[in-house]
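Contents: one structure, followed by commentary.
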Amino acid sequence: MGSRRFGLSFALGAFLALGAKELFGQARIISLAATSPSDLSLVITSGAIQTIAGVTDNAVNNFPSPVVIQTTWSVNPGQTNTVNLVAYFLVPAQALVGGTTQIPSSRVLARMSTGLPTTFTAITQNAFAGVGTAGGSLRLYSVNIGGSNKNSSRTDNLDLRLNLVGFPTLRAGSYTGVLNLRVITQ
Amino acid sequence: MRPDSRAAWLSLLVLSGASLPLRAMAAQSISPPIAEYQERARSSFQLRNASIFPLTVVLEVRGFRISEAGDVIDVPLDTSRIHVKLSEMSFRLPPKGSRTVFYEAVSDSVPAWFTILSAMTGARTENGLNVRILLPHVVYLNQKQPLRKEEVAIRRLAGPRREEGPGPAGEYGASPGAGLPTDSE
């Protein structure tokens with residue numbers, strides 16, 4: 001019994017001696033850090049699908065409602081100088097296709113009153129910064145980023161119209177296409 | 001209620017009302033748009049769809065270079081030098097959903113850079129124009145050691161020489177090939 005008590009006391013003494021650092025050490029410093037990642041969003045609040053119910057041949061046809069685009073960014077000005085938006089068709093000769101008929105991008109006009117093409121402009125520009133297609137692109141806006149607008153947003157209306165003046169009469173049917181909107185941060 | 005506290009409540013109401021559109025804006029988004037790593041990247045980015053419609057997302061890895069004017073120019077990815085693995089190449093993003101895309105990237109030489117493009121499309125129409133959104137996630141792979149002074153060169157590329165320019169006319173440094181490649185390279 002006595003030897004067992006002695007053994008326990010010895011073990012406890014050894015444990016305290018070896019673990020003394022942990023028991024009596026200085027307070028540890030725990031560093032806390034939180035990072036808010038940068039963010040970029042493009043929202044089409046309305047008009048993601050543009051349809052003209054009845055197209056009139058040899059006339060300018062307006063798409064009934066604009067594409068409403070909201071761009072929001074929270075970026076580091078040390079990494080991002082500008083935010084640009086470019087619209088383009090992948091195949092400029094086939095902006096809209098229906099059966100064997102192809103409507104080129106030169107017949108699709110766009111306007112962004114708060115952006116760069118303030119009047120209706122054919123989507124026939126060359127690629128901007130390598131983004132888009134030759135003869136099938138249109139730069140919509142460019143925003144310089146600084147300390148004052150590193151967290152900001154903007155809302156733009158993109159008005160679209162189909163210019164069929166002088167274009168061969170369209171055959172009855174459906175015509176579809178995809179307009180790409182690409183954000184460029186640089 | 002005292003006039004002061006009434007004014008405070010009114011201000012609070014106005015402020016909360018003003019913040020509603022900001023919350024509604026958080027829709028098709030990417031975070032972070034730009035990321036920097038040392039030598040290799042094992043990371044992720046997040047795509048969010050806060051709209052009430054499902055989106056089809058297709059990912060594509062692109063390269064880019066910097067022009068002499070400092071502009072980014074989109075080019076195909078140099079797959080012989082930069083190796084990127086994505087956790088997935090396409091998926092459906094449900095309404096009000098988000099998705100984290102993981103990737104690994106390594107380059108045979110650094111610095112290197114590329115863009116992961118996320119093309120988001122909603123429901124397809126049978127008649128008319130669809131709008132497709134493309135958001136970038138730009139990745140830079142930097143070297144661990146900072147550039148040495150002799151590795152940084154600044155040269156005047158065009159324009160008349162000026163007498164008061166620092167150092168030898170037309171050149172302010174040495175060692176071509178260091179730093180970002182430009183159109184001339």
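Labeling convention for the structure tokens: chains A, B, ... as they appear, residues from 1 per chain, ligands from 1 in order of appearance.
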Handout entry: Spatial neighbours of range 122-138 of chain B, max dist 8 Å, only C-alpha atoms, sep filter under 3 positions, as a PyMOL selection string
Key = (chain A and resi 40-42+48-52+96+174-185) or (chain B and resi 29-35+45+53-56+113-119)
Practice task
Find the residues near Pro104 in chain A: any atom within 7 Å, counting only C-alpha atoms, skip ones fewer than 2 places away on the same chain, and give them as a PyMOL selection string.
Solution key: chain A and resi 92-96+102+106-107
Exercise for the section: Once DSSP has gone over the backbone, tell me which residues of chain A are in helix (DSSP H, G or I), as a PyMOL selection string. Expected result: chain A and resi 2-18+20-24+92-94+105-107+147-149
Practice task
Would you mind telling me which residue in A:Ala87, A:Ile123, A:Leu164, A:Phe10 lies nearest to Ile69 in chain A when using only C-alpha atoms?
Solution key: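 Smallest separation from Ile69 in chain A among the options: A:Ala87.
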Exercise for the section: For CA of Val67 in chain A and CA of Val86 in chain A, quote the distance in Å rounded to one decimal. Expected result: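 One can read the CA of Val67 in chain A to CA of Val86 in chain A distance as 13.9 Å.
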Problem - Option closest in space to Val68 in chain A, from A:Val165, A:Ala27, A:Ala134, A:Leu158 [counting only C-alpha atoms] - result: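 Between A:Val165, A:Ala27, A:Ala134, A:Leu158, the residue approaching Val68 in chain A most closely is A:Leu158.
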Practice task
Return the single residue from A:Gln186, A:Arg28, A:Asp156, A:Ser113 that is closest to Val139 in chain B, with distances computed using only C-alpha atoms.
Solution key: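 Counting only C-alpha atoms, the residue closest to Val139 in chain B is A:Gln186.
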Handout entry: Nearest to chain B by atom-to-atom distance, counting only C-alpha atoms, from A:Gly166, A:Gly7, A:Pro77, A:Pro117
Key =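 Looking only at the distances to chain B, the closest residue turns out to be A:Pro77.
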Exercise for the section: Write out as a PyMOL selection string all residues of range 14-179 of chain A that DSSP puts in strand (DSSP E) for this structure's backbone. Expected result: chain A and resi 39-46+49-50+60-62+67-74+82-88+96-98+101-103+108-111+121-122+137-144+151-163+176-179
Selection file, C-alpha atoms, as a PDB file, in the first residue's frame:
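File part_27.pdb, as written:
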```pdb
ATOM      1  CA  ASP A  39     -16.352  40.350 -55.751  1.00  0.00           C
ATOM      2  CA  LEU A  40     -17.663  41.051 -59.231  1.00  0.00           C
ATOM      3  CA  SER A  41     -21.224  40.555 -60.328  1.00  0.00           C
ATOM      4  CA  LEU A  42     -23.220  41.207 -63.436  1.00  0.00           C
ATOM      5  CA  VAL A  43     -26.957  40.983 -63.180  1.00  0.00           C
ATOM      6  CA  ILE A  44     -29.485  41.138 -65.935  1.00  0.00           C
ATOM      7  CA  THR A  45     -32.460  42.296 -63.961  1.00  0.00           C
ATOM      8  CA  SER A  46     -34.747  42.166 -66.969  1.00  0.00           C
ATOM      9  CA  ILE A  49     -34.505  37.235 -73.515  1.00  0.00           C
ATOM     10  CA  GLN A  50     -35.278  39.689 -76.273  1.00  0.00           C
ATOM     11  CA  VAL A  60     -36.142  49.148 -88.248  1.00  0.00           C
ATOM     12  CA  ASN A  61     -37.587  46.862 -85.559  1.00  0.00           C
ATOM     13  CA  ASN A  62     -37.053  47.775 -81.934  1.00  0.00           C
ATOM     14  CA  VAL A  67     -31.622  44.616 -71.320  1.00  0.00           C
ATOM     15  CA  VAL A  68     -31.174  46.084 -67.839  1.00  0.00           C
ATOM     16  CA  ILE A  69     -27.644  45.360 -66.641  1.00  0.00           C
ATOM     17  CA  GLN A  70     -26.407  45.930 -63.113  1.00  0.00           C
ATOM     18  CA  THR A  71     -22.699  45.590 -62.534  1.00  0.00           C
ATOM     19  CA  THR A  72     -21.431  45.532 -58.974  1.00  0.00           C
ATOM     20  CA  TRP A  73     -17.828  45.285 -57.922  1.00  0.00           C
ATOM     21  CA  SER A  74     -15.789  45.274 -54.769  1.00  0.00           C
ATOM     22  CA  THR A  82     -10.611  49.204 -65.060  1.00  0.00           C
ATOM     23  CA  VAL A  83     -13.839  47.309 -65.461  1.00  0.00           C
ATOM     24  CA  ASN A  84     -15.047  47.008 -69.050  1.00  0.00           C
ATOM     25  CA  LEU A  85     -18.111  45.415 -70.572  1.00  0.00           C
ATOM     26  CA  VAL A  86     -18.061  44.085 -74.121  1.00  0.00           C
ATOM     27  CA  ALA A  87     -20.989  42.677 -76.100  1.00  0.00           C
ATOM     28  CA  TYR A  88     -20.317  40.338 -78.988  1.00  0.00           C
ATOM     29  CA  LEU A  96     -29.621  35.555 -85.629  1.00  0.00           C
ATOM     30  CA  VAL A  97     -30.321  32.372 -87.482  1.00  0.00           C
ATOM     31  CA  GLY A  98     -33.599  30.950 -88.703  1.00  0.00           C
ATOM     32  CA  THR A 101     -31.520  32.621 -93.307  1.00  0.00           C
ATOM     33  CA  GLN A 102     -28.808  34.362 -91.367  1.00  0.00           C
ATOM     34  CA  ILE A 103     -29.019  37.915 -90.027  1.00  0.00           C
ATOM     35  CA  VAL A 108     -28.280  44.356 -84.885  1.00  0.00           C
ATOM     36  CA  LEU A 109     -27.883  47.802 -83.357  1.00  0.00           C
ATOM     37  CA  ALA A 110     -27.274  48.568 -79.699  1.00  0.00           C
ATOM     38  CA  ARG A 111     -27.343  51.678 -77.583  1.00  0.00           C
ATOM     39  CA  THR A 121     -24.511  51.480 -83.214  1.00  0.00           C
ATOM     40  CA  ALA A 122     -24.145  48.315 -85.223  1.00  0.00           C
ATOM     41  CA  SER A 137     -18.285  43.261 -81.037  1.00  0.00           C
ATOM     42  CA  LEU A 138     -19.304  46.444 -79.275  1.00  0.00           C
ATOM     43  CA  ARG A 139     -17.642  47.960 -76.212  1.00  0.00           C
ATOM     44  CA  LEU A 140     -20.400  49.079 -73.884  1.00  0.00           C
ATOM     45  CA  TYR A 141     -18.634  50.852 -71.037  1.00  0.00           C
ATOM     46  CA  SER A 142     -15.305  51.341 -69.321  1.00  0.00           C
ATOM     47  CA  VAL A 143     -14.886  52.399 -65.690  1.00  0.00           C
ATOM     48  CA  ASN A 144     -11.576  53.439 -64.182  1.00  0.00           C
ATOM     49  CA  ASN A 151     -16.785  49.325 -54.021  1.00  0.00           C
ATOM     50  CA  SER A 152     -19.426  50.476 -56.423  1.00  0.00           C
ATOM     51  CA  SER A 153     -22.113  49.519 -58.899  1.00  0.00           C
ATOM     52  CA  ARG A 154     -23.803  50.856 -61.969  1.00  0.00           C
ATOM     53  CA  THR A 155     -27.026  50.179 -63.813  1.00  0.00           C
ATOM     54  CA  ASP A 156     -27.280  50.488 -67.573  1.00  0.00           C
ATOM     55  CA  ASN A 157     -30.004  49.931 -70.114  1.00  0.00           C
ATOM     56  CA  LEU A 158     -28.941  48.225 -73.308  1.00  0.00           C
ATOM     57  CA  ASP A 159     -31.440  49.025 -76.068  1.00  0.00           C
ATOM     58  CA  LEU A 160     -31.433  46.722 -79.057  1.00  0.00           C
ATOM     59  CA  ARG A 161     -32.911  47.066 -82.485  1.00  0.00           C
ATOM     60  CA  LEU A 162     -32.961  45.056 -85.696  1.00  0.00           C
ATOM     61  CA  ASN A 163     -32.335  47.040 -88.860  1.00  0.00           C
ATOM     62  CA  THR A 176     -32.604  32.956 -82.587  1.00  0.00           C
ATOM     63  CA  GLY A 177     -29.197  34.136 -81.453  1.00  0.00           C
ATOM     64  CA  VAL A 178     -26.997  34.611 -78.406  1.00  0.00           C
ATOM     65  CA  LEU A 179     -25.512  37.951 -77.412  1.00  0.00           C
TER      66      LEU A 179
END
```
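Atom pair CA of Thr124 in chain A / CA of Gly136 in chain A: separated by 4.4 Å.
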Exercise for the section: Go through A:Leu170, A:Ala127, A:Ile29, A:Met112 and flag the residue nearest chain B, using only C-alpha atoms for the distances. Expected result: A:Ala127
Problem - CA of Val75 in chain A to CA of Ser148 in chain A, distance in Å rounded to a single decimal - result: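 So the answer is 11.3 Å.
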Handout entry: Nearest-residue call for Ala59 in chain A, choices A:Gly173, A:Pro168, A:Gly99, A:Gly135, using only C-alpha atoms
Key = A:Pro168
